[in-house]
Every structure is written in structure tokens, then in C-alpha cells.
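K.L.:
Please find one structure pasted underneath; my questions will follow.
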Amino acid sequence: MRPLVLLWALLLLATAPGPGPRPAAAPPPGAQGSCSHRCGDRDGSCSCHPTCSGLGTCCSDFRDFCLEVSPYSGSMMGGKDFQVQHLTWFIPTDGVICRFKESIQTLGYVDSSGHVHCVSPLLYETGHIPFTLSMDNGRSFPRSGTWLAVHPSKVSETEKSQLENETLWQYYGTAGTTDNLTVTWEPSALPTRSVTIELWGYEETGKPYSGEWTAKWSYLYSLATSIPNSGFFTFTPKPAPPNFQRWEVGALRIISSRYYAGEKDVQALWSNEHALAWHLGEDFRADPKAWARAQCLAWEQLEDQLPNFLEELPDCPCTLAQARADSGRFHTDYGCDIERGSVCTYHPGAVHCVRSVQASPRFASGQQCCYTEAGSLLLTADSTGGSTPDRGHDWGAPPFRTPPRVPGLSHWLYDVVSFYHCCLWAPECSRYMRRRPSSDCRSYRPSRLASAFGDPHFITFDGASFSFNGRGEYVLLEAELTNLRVQGRAQPRTTPEGPQDRGTGLTAVAVQEGNSDVVEVRLAGGAGVLQVLLNQEVLSFTEQSWMDLKGMFLSVAAGDSVSIMLSSGAGLEVSVQGPFLSVTVLLPEKFLTHTQGLLGTLNDDPTDDFVLRDGNVLPPKASSRELFRFGADWAVRNTSSLLTYDSWFLVNNFLYQPKHDYTFQPLFPEETTPNPSQAAEAAKLCGDNYFCIFDVMATGSLSVGNATRMAHQWHQHRAQSLQPVTSCGWLAPPPNGRKEGTRYLSGSTVYFHCDSGYSLVGAEVSTCQADGIWSRPTPMCQPARSYTVLLSIIFGGLAVVAVVALVYVLLRHRKGNMAIWGSQP
């Protein structure tokens with residue numbers, strides 16, 4: 001027995017944990033006292049839901065099994081090393097496996113400090129990617145978390161290798177571009193002494209728009225192996241072997257030399273995807289224009305065989321003001337951004353471009369709209385700097401992974417490389433523009449606007465306005481058309497002395513559409529601090545300000561404004577205004593007659609906006625107390641609440657209480673009795689802005705009133721920007737002539753001129769009329785006749801007339817003589 005006891009003791013020593021906290025062993029799946037296999041579950045004796053931290057109801061092993069990672073985001077190209085937080089591991093393990101989306105596995109590891117690491121895989125999609133973790137070489141995966149895969153263009157520069165003088169890389173082999181190429185990187189980003197630099201190529205194969213159409217990255221060859229990790233490499237490109245010539249889009253990947261060339265899903269630094277001019281063959285270098293022209297013609301033939309994606313794209317907004325205001329459907333194109341100095345390399349003449357937020361439903365295509373300094377739409381029919389639509393939306397489209405929905409890369413293959421072929425490497429840009437024509441705006445209809453701000457005050461989609469300062473949680477908007485729901489929480493302002501005001505304001509807003517994610521924006525912690533929650537879990541924006549979510553996109557600006565862009569084209573903007581939130585909702589015209597809630601009935605009739613749940617309608621001039629009843633009637637029902645209750649204050653005051661607090665007595669407008677000095681200060685600050693005046697009276701705070709005034713002014717400015725305008729559409733110049741004027745809105749004038757040697761036939765001027773019809777069609781330019789030719793024609797004609805007259809006289813004379821001769825014997 002003694003040898004057996006000794007052996008057992010040795011086994012205990014071999015498996016004993018080292019220093020540091022011991023991780024929780026994996027209990028049986030579904031064990032109620034553990035979070036093993038239970039992340040997100042509220043049931044059982046303890047909780048594994050994200051809200052448990054604030055409530056103190058988490059299982060003791062919550063952080064061991066429901067994982068947080070740092071960093072939490074990286075390029076969808078993969079190769080990012082991230083560490084699992086709050087989990088240390090000193091038990092010997094026979095393998096760490098990180099499994100993404102239940103199918104893609106990468107090897108993880110435990111470092112010398114006991115921290116567990118994973119490496120992100122190469123993906124063909126963006127967004128939150130679920131992953132599970134195995135510490136027993138794949139036998140079980142009880143731990144889970146999420147990884148945020150982002151568009152390559154949204155990755156910080158320190159996380160990528162840099163193509164120095166990127167223009168040279170993409171023009172290499174064309175006239176005057178034969179020099180060395182240089183790639184640089186941050187050596188500390190790769191913990192290794194030597195590196196291998198590889199070229200990978202991207203392609204999409206199979207029949208377009210069929211189940212056979214697939215996307216694939218392939219390792220092609222190495223540019224350098226086992227070179228020092230100096231952060232710098234220069235080389236002279238040589239034409240690639242013929243079997244690699246078909247790849248025209250690709251990226252460099254830098255990895256540690258301890259990995260074999262082409263090894264997948266290892267820590268790496270990728271470059272930007274780019275046109276592989278520098279690796280193309282001798283035929284390209286011998287005559288790049290002829291080679292590119294042949295490629296352009298081949299692309300043109302392919303385009304003629306593919307479906308017409310232009311038919312389902314939305315029309316562009318008519319003006320720059322509309323494009324920037326219609327933020328639910330259009331978002332800044334960072335390649336031409338007025339906020340960043342209007343560096344519009346591919347769109348000369350433009351100062352700002354926007355892209356349609358959502359890809360088109362069938363073909364996953366995207367719209368682009370560019371504008372001049374004067375605010376006019378810039379069209380390819382007038383300029384090569386005009387906006388060009390995309391067969392593949394640059395941001396991709398759910399469910400991603402397959403063409404033409406792969407973020408960034410499908411767009412490169414079908415829209416960008418073809419632009420290089422036709423416009424940059426060969427003088428065939430007219431061919432490209434014919435197949436990527438700009439949209440005009442004749443069928444564009446601006447989104448409809450509603451807002452809530454201040455104490456709070458509401459302006460409905462149809463322009464009715466009212467104040468409702470109830471305490472509780474309320475339905476701001478419901479629309480059965482897409483099952484869109486927007487809810488808000490209103491509370492009194494908290495002052496150092498506690499909540500003293502008899503008014504309230506919005507402190508949280510939540511939204512969901514269909515089966516999309518739920519996003520909530522709320523005030524948290526200190527005054528003016530925004531917190532964003534995704535499915536009731538707090539998000540961090542330390543690494544990314546843009547996120548692709550299920551059914552929506554999310555963008556955060558400067559920490560005090562959040563934009564939510566939904567798949568239907570609806571949009572929300574939530575910002576901090578003083579002590580409260582201000583919310584703006586934008587709806588496309590298709591929501592007409594489909595809305596209800598505090599933001600009214602969208603039907604162009606402000607007289608029926610105060611509709612109660614039972615269908616009864618309050619009159620437009622309803623008293624403030626009647627409107628208070630209207631607001632209370634739209635209290636959220638517990639079973640349909642989208643809001644988060646992750647503190648006992650929220651649970652006790654909102655979850656376990658009536659959604660409308662009938663004990664709270666607000667200040668009604670007719671009850672305000674300001675003292676003279678306060679009234680004078682309010683008048684000086686607010687002028688005739690009633691909302692501002694009321695909030696000063698209700699709170700006694702000029703700063704609150706000023707925040708309300710600014711929010712109201714912003715609503716008015718945006719409403720003005722979204723006013724409809726009339727477009728007559730593009731007007732062509734005459735053949736053999738030209739036109740002056742590229743603005744096609746009501747009241748605009750276009751002037752026509754002919755080239756030298758031609759004369760104008762028709763109107764010299766045409767004006768866009770209020771009915772959307774041009775006052776005159778495009779005239780014609782006919783060949784002109786010179787003065788000498790005209791004189792010769794005139795004098796030649798006179799000569800002919802003279803000859804005819806002379807013949808006539810001679811004939812008359814001859815006839816008379818014959819008569820005389822006939823009477824003689």
C-alpha cells in the first residue's frame with residue numbers, strides 16, 4: 001500500500017496549482033450554482049447575466065466562465081492576440097483551443113504569468129463574433145465571450161503594416177513608377193526577433209449571385225523569410241510567376257519566423273488591401289495601358305452579363321444639407337469628409353461624400369453621393385469626380401462571408417480594381433462611368449423628423465409640440481411596419497441636494513427593430529456621461545467608435561452623441577443636452593400612417609397626433625393636464641420593456657413599480673409664477689423660445705433652459721435641412737456643344753453654347769421649374785456656314801436666276817419670229 005500512497009502524493013504535487021487564484025473547474029453543463037455553459041442565463045440560484053454585477057447576484061465563478069477580453073477588437077483579417085481577463089491558469093493543460101462561431105478554431109496559449117490568450121482568426125465578416133474557450137484541448141468549451149471583428153479600414157495604424165508611398169505600390173509598373181518599395185511596421189506589435197513577410201491574394205470564384213460564389217484568401221508566396229524584426233523592409237518587385245497572375249487584389253502579412261509560411265490564424269500584422277500592380281507580369285510592365293484596357297473591356301463585358309444592381313439603390317439626397325441631416329440612411333464616406341478637410345482624391349470637385357448605410361436587399365450594393373462646395377450633387381455625367389454607386393457595398397452586408405457581401409473586399413473586386421483598370425491605368429474612364437452612373441435625386445424623399453428634449457418637450461413627426469414631464473418609462477415610438485420600438489425613461493433632475501425639481505427629463509432611451517439587437521443609451525455616473533448598452537451589457541468605446549450590430553450600425557462621436565442606424569433606414573441620435581438626454585428620430589417615408597406613441601402619428605396631419613392607446617384622439621389644443629394623461633397612457637408595459645435594470649435603484653423604482661408614477665406631481669405651465677428677476681433673466685436668455693422659458697421656471701436653472709434652447713434650435717436646423725426640394729434631373733449638353741451650370745433644382749438655370757463652327761438651334765437657356773420640368777429642352781448645334789460660302793450661295797443663286805430669265809426672254813423672242821415666218825408664202 002505504501003508505494004500506492006507515494007504515487008498518489010506525487011500526482012497531487014504534479015497537479016497542484018502555482019501562485020495566484022485558482023480558476024474554477026468546469027462543473028457539469030447547466031449546473032445552477034455555476035456559470036459553466038450558462039453565460040447570459042438569469043435563472044437558478046445565481047445569475048450569469050450581465051446585469052448581475054450591478055445587482056450583486058452573480059455566481060461566484062461568473063468572471064471565470066463569462067469572459068471579458070482585452071483588446072476586445074481587431075481586424076477581420078485576424079492575427080490579433082488578445083488576453084482573457086480575470087482568468088489565470090496554473091494547472092497544466094494539454095491544449096488551449098479558442099473556437100469562434102462554433103466552427104473556426106485557433107490555438108491559444110497560457111503565458112508565463114498564467115494569463116490565457118487567444119488569436120483571432122481570418123474572418124469574412126464584421127461585428128460581434130461569439131467564441132468559446134477550451135482548456136482541455138477541445139474536449140469541452142464551458143467558457144464563452146465575444147470578439148469584435150472590424151472593417152480593415154477601421155483598425156488603428158499601429159495594428160497594421162504600412163505601405164510607404166501607397167500610390168507607388170498601386171501604380172508600380174506604369175510609366176515612371178519603377179523604384180524600390182518599402183513596408184514598415186511597429187516591431188513591438190510582434191513579439192519575435194525575426195519575421196517572414198508574405199503576400200496573400202483575395203479572389204471570388206464561381207457563378208456570380210449563385211450558391212457557388214465563394215470568397216477566399218490564399219497564401220501566394222513570401223517576399224522575405226527570417227529577416228530581423230526591425231520594422232522596415234525594402235525590396236525591388238519582380239513579376240510574379242504566371243500561376244499567381246490572376247490575383248489582382250491582396251495584402252501583405254507579417255508573422256514570426258517560427259511559423260511556417262502561410263500558416264493560418266497566427267499572430268500577424270496585415271497591410272491594407274490594395275491593387276497588386278507591383279506583382280503583375282511582364283505583359284503589364286511592357287504596355288500597362290494596353291493591358292489595363294483589355295482588363296477594362298473584359299470587366300465591361302462581365303458587367304453586361306450581371307444583374308442591374310442600380311434599380312434597387314436609393315436615390316441620393318438633393319443637397320449636401322439633406323445628405324448630412326438624413327443620418328438614418330446616409331453616413332459620411334471617410335474618403336471624402338468635409339470634417340477632415342475634404343481630401344477627396346477620387347472625387348475631384350467634391351467637398352463631401354456620403355454612402356447609403358444599408359446595402360440593397362437583393363444585390364448587397366451601395367449608393368454613394370458626392371457634393372460640391374455649393375452643396376450641389378456632383379454627377380458622373382458632368383465630371384469624373386462624380387459619385388459612383390457600388391456593386392459591392394464597402395461595408396459589406398449581413399450575413400456576410402459570401403460575395404458580394406464581404407466587407408471591403410467584394411467592393412475592391414467589383415468597383416475599385418475596375419476603376420484602376422479603366423480610369424487610372426488606362427484612358428477608358430468613360431466606360432467605367434457608363435456602368436457606375438451617379439444617381440440624381442428626382443425620387444428622393446427626405447426622412448421625417450421628431451424630437452424629445454429638455455423637461456421633456458416633444459415635437460412630433462407632423463410638427464405638433466407639447467410638454468410631458470411624467471416620471472416613468474414611456475413608449476416614444478412604435479411602428480408595426482418593421483416592429484420598431486423606441487422607449488424612454490424620464491426622471492427628475494438630480495441636484496447636489498437630491499431630486500428637487502417638479503419636472504423630469506429623459507435619462508435613458510432604448511431601441512429595437514424586429515429581432516435586432518437591443519441598444520440602450522443612458523446617463524450614467526457623473527453628469528453628462530453617456531453609457532451605451534448592447535443587449536443590457538455595457539459597451540466600451542475605447543478601441544472602436546463604430547460597431548456593426550445585428551440589424552443596425554452604431555456610431556459614437558466625441559463621447560456625447562450616439563447615432564443608431566437601423567436596417568429599415570430609420571435612425572436615432574441621442575446626445576447629452578444639459579442634465580438630460582435629447583433624442584432625435586428619423587423615419588423614411590414608408591413609415592407614413594404606421595407610427596404611434598408620444599412622437600405622434602406620421603401622416604402629415606398634426607391635428608391627430610395625440611392618440612391614446614384605445615384609439616381616442618385628444619384635440620390639438622388639449623390642456624397641459626389632458627396631455628399629461630396622454631403621456632401617462634403610453635407608459636411601457638413590463639412585458640415589453642427594452643430598458644435595463646442593473647441596479648437596485650432601477651429595480652425598485654422602475655421594474656417593481658408602475659411604469660408611470662402617479663404620485664409624482666409635475667409643474668404645469670399654468671402654475672408657473674416666476675419672480676421678476678427670474679423672468680427677466682429667462683427672457684434675456686430665451687427670447688420667445690417657450691420651451692427654454694418653461695424649463696428655467698421649472699428648474700430655476702438658466703443652464704437647463706439654455707440646453708433646452710440649443711436642442712430646440714438644433715431640431716429646427718435639421719428640420720429645415722430636410723425640407724423637400726424639387727429636382728428636374730440631369731440636363732444633357734447639346735452634341736457638338738457644352739453647357740454652363742450643373743445644378744438641377746427648382747430655380748436653377750442652365751446655359752447652352754456650341755463649339756466653334758456650329759450654330760445653336762433652339763433655346764439658349766433652360767430653367768428648372770417648380771413642377772420639376774425644364775422650361776426648354778436641350779437645343780441642337782448644327783454646322784455653321786461661313787460668310788464667304790454664304791455670299792457665294794447668294795451670288796450663285798442670283799446668277800442662276802439671271803440665266804433662267806435670259807433663257808425665258810430668248811424663248812419668247814423665238815416664238816414671236818416663228819409666227820411671222822409662218823405667214824409667208
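Just so we're on the same page: first chain in the C-alpha cells is A, next is B, and so on; residues restart at 1 for each chain, and ligands are numbered from 1 in the order they show up.
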List the spatial neighbours of Asp333 (chain A) as a PDB file with N, CA and C atoms, in the first residue's frame - criterion: any atom at most 8 Å away, only C-alpha atoms, same-chain residues fewer than 4 positions off excluded.
P.N.:
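Result saved to part_20.pdb:
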ATOM      1  N   ASP A 337     -14.457  63.682 -46.671  1.00  0.00           N
ATOM      2  CA  ASP A 337     -15.152  64.121 -45.458  1.00  0.00           C
ATOM      3  C   ASP A 337     -14.879  65.600 -45.221  1.00  0.00           C
ATOM      4  N   HIS A 352     -17.568  66.721 -50.011  1.00  0.00           N
ATOM      5  CA  HIS A 352     -18.117  65.762 -49.052  1.00  0.00           C
ATOM      6  C   HIS A 352     -18.883  64.690 -49.810  1.00  0.00           C
ATOM      7  N   CYS A 353     -18.716  63.439 -49.361  1.00  0.00           N
ATOM      8  CA  CYS A 353     -19.487  62.325 -49.910  1.00  0.00           C
ATOM      9  C   CYS A 353     -20.137  61.557 -48.766  1.00  0.00           C
ATOM     10  N   VAL A 354     -21.257  60.931 -49.064  1.00  0.00           N
ATOM     11  CA  VAL A 354     -21.913  60.028 -48.122  1.00  0.00           C
ATOM     12  C   VAL A 354     -22.167  58.706 -48.830  1.00  0.00           C
ATOM     13  N   ARG A 355     -22.325  57.661 -48.034  1.00  0.00           N
ATOM     14  CA  ARG A 355     -22.703  56.353 -48.553  1.00  0.00           C
ATOM     15  C   ARG A 355     -24.036  55.940 -47.931  1.00  0.00           C
TER      16      ARG A 355
END
K.L.:
Excluding His421 (chain A) and residues on its chain fewer than 4 positions from it, collect all residues at most 10 Å away from it, counting only C-alpha atoms, and give them as a list in words.
P.N.:
Pro288, Lys289, Ala290, Trp291, Ala292, Arg293, Ala294, Gln295, Cys296, Leu297, Trp299, Val416, Val417, Trp425, Ala426, Pro427, Glu428, Cys429 and Tyr432 of chain A
K.L.:
Take the residues from that selection and write them out as a short mmCIF file (atom, residue, chain, number, x, y, z; two decimals), in the first residue's frame, keeping N, CA, C and O atoms.
P.N.:
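Output contents, as saved in out20.cif:
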data_model
loop_
_atom_site.label_atom_id
_atom_site.label_comp_id
_atom_site.auth_asym_id
_atom_site.auth_seq_id
_atom_site.Cartn_x
_atom_site.Cartn_y
_atom_site.Cartn_z
N PRO A 288 1.46 48.84 -69.99
CA PRO A 288 0.41 48.85 -68.96
C PRO A 288 -0.93 49.39 -69.47
O PRO A 288 -1.98 48.91 -69.04
N LYS A 289 -0.91 50.35 -70.37
CA LYS A 289 -2.18 50.90 -70.87
C LYS A 289 -2.95 49.86 -71.66
O LYS A 289 -4.16 49.70 -71.48
N ALA A 290 -2.25 49.15 -72.54
CA ALA A 290 -2.93 48.13 -73.34
C ALA A 290 -3.44 47.00 -72.45
O ALA A 290 -4.56 46.50 -72.63
N TRP A 291 -2.62 46.59 -71.46
CA TRP A 291 -3.04 45.54 -70.55
C TRP A 291 -4.28 45.97 -69.77
O TRP A 291 -5.25 45.22 -69.64
N ALA A 292 -4.22 47.18 -69.21
CA ALA A 292 -5.35 47.68 -68.41
C ALA A 292 -6.59 47.87 -69.27
O ALA A 292 -7.71 47.61 -68.83
N ARG A 293 -6.41 48.31 -70.50
CA ARG A 293 -7.55 48.49 -71.39
C ARG A 293 -8.23 47.15 -71.64
O ARG A 293 -9.47 47.06 -71.64
N ALA A 294 -7.44 46.10 -71.85
CA ALA A 294 -8.02 44.77 -72.07
C ALA A 294 -8.81 44.33 -70.84
O ALA A 294 -9.89 43.75 -70.95
N GLN A 295 -8.27 44.61 -69.66
CA GLN A 295 -8.98 44.26 -68.43
C GLN A 295 -10.27 45.06 -68.28
O GLN A 295 -11.30 44.55 -67.84
N CYS A 296 -10.21 46.32 -68.65
CA CYS A 296 -11.39 47.18 -68.57
C CYS A 296 -12.49 46.68 -69.50
O CYS A 296 -13.66 46.60 -69.11
N LEU A 297 -12.11 46.28 -70.72
CA LEU A 297 -13.10 45.77 -71.67
C LEU A 297 -13.69 44.45 -71.18
O LEU A 297 -14.88 44.20 -71.34
N TRP A 299 -14.00 43.56 -68.04
CA TRP A 299 -14.92 43.93 -66.94
C TRP A 299 -16.23 44.46 -67.51
O TRP A 299 -17.32 44.13 -66.99
N VAL A 416 -13.44 48.83 -57.31
CA VAL A 416 -12.20 49.59 -57.17
C VAL A 416 -11.15 49.16 -58.18
O VAL A 416 -10.59 50.00 -58.91
N VAL A 417 -10.87 47.86 -58.29
CA VAL A 417 -9.88 47.41 -59.26
C VAL A 417 -10.30 47.78 -60.68
O VAL A 417 -9.47 48.17 -61.51
N TRP A 425 -5.12 53.36 -64.87
CA TRP A 425 -4.06 52.75 -65.67
C TRP A 425 -4.31 52.84 -67.16
O TRP A 425 -3.41 52.60 -67.96
N ALA A 426 -5.53 53.15 -67.57
CA ALA A 426 -5.87 53.27 -68.99
C ALA A 426 -6.86 54.42 -69.17
O ALA A 426 -7.65 54.71 -68.27
N PRO A 427 -6.82 55.09 -70.32
CA PRO A 427 -7.73 56.23 -70.55
C PRO A 427 -9.11 55.78 -71.03
O PRO A 427 -9.57 56.19 -72.10
N GLU A 428 -9.78 54.93 -70.23
CA GLU A 428 -11.08 54.40 -70.62
C GLU A 428 -12.14 54.71 -69.56
O GLU A 428 -13.06 53.93 -69.36
N CYS A 429 -11.99 55.85 -68.89
CA CYS A 429 -12.85 56.12 -67.75
C CYS A 429 -14.33 56.27 -68.15
O CYS A 429 -15.21 55.99 -67.35
N TYR A 432 -16.14 53.12 -67.55
CA TYR A 432 -16.45 52.89 -66.13
C TYR A 432 -17.65 53.73 -65.71
O TYR A 432 -18.57 53.23 -65.04
#
K.L.:
Find the residues around Leu378 (chain A) up to 8 Å (only C-alpha atoms counted), leave out those fewer than 2 positions away in its own chain, and share them as a list in words.
P.N.:
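Returned residues: Gly349, Ala350, Cys369, Cys370, Tyr371, Thr372, Ser376, Thr380, Asp382, Ser383, Gly385, Gly386, Ser387, Ser438 and Thr742 of chain A.
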K.L.:
Tell me which protein, DNA and RNA residues are within 10 Å of Gln665 (chain A), counting only C-alpha atoms, leaving out same-chain ones fewer than 2 positions away, and put them as a ChimeraX atom specification.
P.N.:
/A:469-471,502-503,661-663,667-668
K.L.:
Would you mind telling me which residue in A:Arg718, A:Lys590, A:Arg709, A:His117 lies nearest to Leu685 (chain A) when using only C-alpha atoms?
P.N.:
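Closest to Leu685 (chain A) of all the choices is A:Arg709.
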K.L.:
Applying 9 Å and only C-alpha atoms, which residues near Ala682 (chain A) remain after dropping the ones on its own chain fewer than 3 positions away? List them as number ranges by chain.
P.N.:
A: 677-679, 685-687, 692-694, 696-697, 702, 705
